[in-house]
Amino acid sequence: MNEIKKPTIVFMGTPEIAEIVLENIYLKNYPILAVVTQPDYQPKGKPDNLISPVKKLALEKNIPISQPQRLDVDFKKWLEGLKPDLIIVTAFGKIIPKEILAIPKHKSLNVHASLLPKLRGASPIQNALTNGMAETGITIMLMDKGIDTGDILSQKKISIESEDDYVTLTGKLAVIASHLLIDTIPDWINKSITPKKQDTAQATMCQLIEKSDGKINWTEDAQDIYNKFRAFRVWPGIFTFWENKGNLQKISLNEISVEINISGKRYHLGEIFRYSDSKIGIQANNGVIILGKIQLAGKNETSVDDFLNGYPNFIGSILK
RNA sequence: CGCGGGGUAGAGCAGUCUGGCAGCUCGUCUGGCUCAUAACCAGGAGGUCGCCGGUUCGAAUCCGGCCCCCGCAA
């Protein structure tokens, strides 16, 4: 790696993956002028504001913080005043106008958690999992006015293990992202990288996740249901409905596993049955979902064994 | 004052409407049975029924206030 004068950086990002990338930039002694992150979120009934992981780290390291509601004229003026050499964006969560992207001398780079042009958009990690993909990766690219359509500077692949879920995969990708970024910045400043156009014909877009996407359809393959569980681990989770004494009650499946080698008798799709002495299963297509921890709406999370002590009629019902 | 569910033994729940001995399943302890077991049989321990006040001969239950947990919406 060539020696360069380190560019001054404004970092824009919000969740854990952004925090890890930011931390590595900080540890490598890049001058960070400011971080920009989403406004604090105040949940009802909780005493404390939830602050983004990026903000938490910035507070710890005494880096100036901006949390604009909108990226408007005032924000632009503020940013111009900082005269950054480079903007780094990682999972920021808002679309950034191109006037802002154009401010830094060395433009704006985006760290995206997929192998572009695959999985452009807001939720690449979850979509890699729901699609059952065998590999994904990190792309660092120049930002333009489209969503993840900019020219590619560098990429790194990672294989997705069958036991990976959103948490573990995000962790792995974050580490790769932070290293790839540190390797890429000097080459970009030195102009020793030629940006590559994306092959638009190969592009796929990932849709924004909604809470309702967590609803389980018991006619789906067991493996697909399990993939959804892995992808939605942190949010929105997966859920189904149980008819108990005439009431439809929402049940979240917070901890499950899957058995795809089906043996023995089959049940109705969505039917709950005793899969073995210690396992409670739900029949899905081409496999069985094994319950670990579940949560009835309005109640605390419990193990399925505890749940059955209170609701013995659970076994034999059919989930909807 | 956004909408809704909940707080009962170590865990999960019923009982509350219609006030009248504190219950169920599991766990735990003791004993029995068994080659053996997360099995089976018998017995026991374990409760401030979230907190405060009110009504009543009598309150987990009815009335008023408060605290806490959770789901939805944002």
# chains A, B, ... in the order shown; residues from 1 in each chain; ligands from 1
>>> residues_around(residues="Ala134 in chain A", least_positions_apart="4", cutoff="12 Å", atoms="only C-alpha atoms (C1' of nucleotides)", output="PyMOL selection string")
chain A and resi 127-130+157-164+169+227
>>> select_by_dssp(residues="range 38-223 of chain A", states="alpha helix (DSSP H)", output="VMD selection string")
chain A and resid 53 to 60 73 to 82 98 to 101 124 to 130 166 to 189 222 to 223
>>> closest_residue(among="A:Phe239, A:Phe314, A:Phe11, A:Phe307", to="chain B", atoms="only C-alpha atoms (C1' of nucleotides)")
A:Phe307
>>> closest_residue(among="A:Ile20, A:Val73, A:Ile251, A:Ile125", to="Val304 in chain A", atoms="only C-alpha atoms")
A:Ile251
>>> residues_around(residues="range 180-185 of chain A", least_positions_apart="3", cutoff="12 Å", atoms="only C-alpha atoms (C1' of nucleotides)", output="ChimeraX atom specification")
/A:1-9,18,20-30,85-90,106-113,137-142,152-157,173-177,188-195
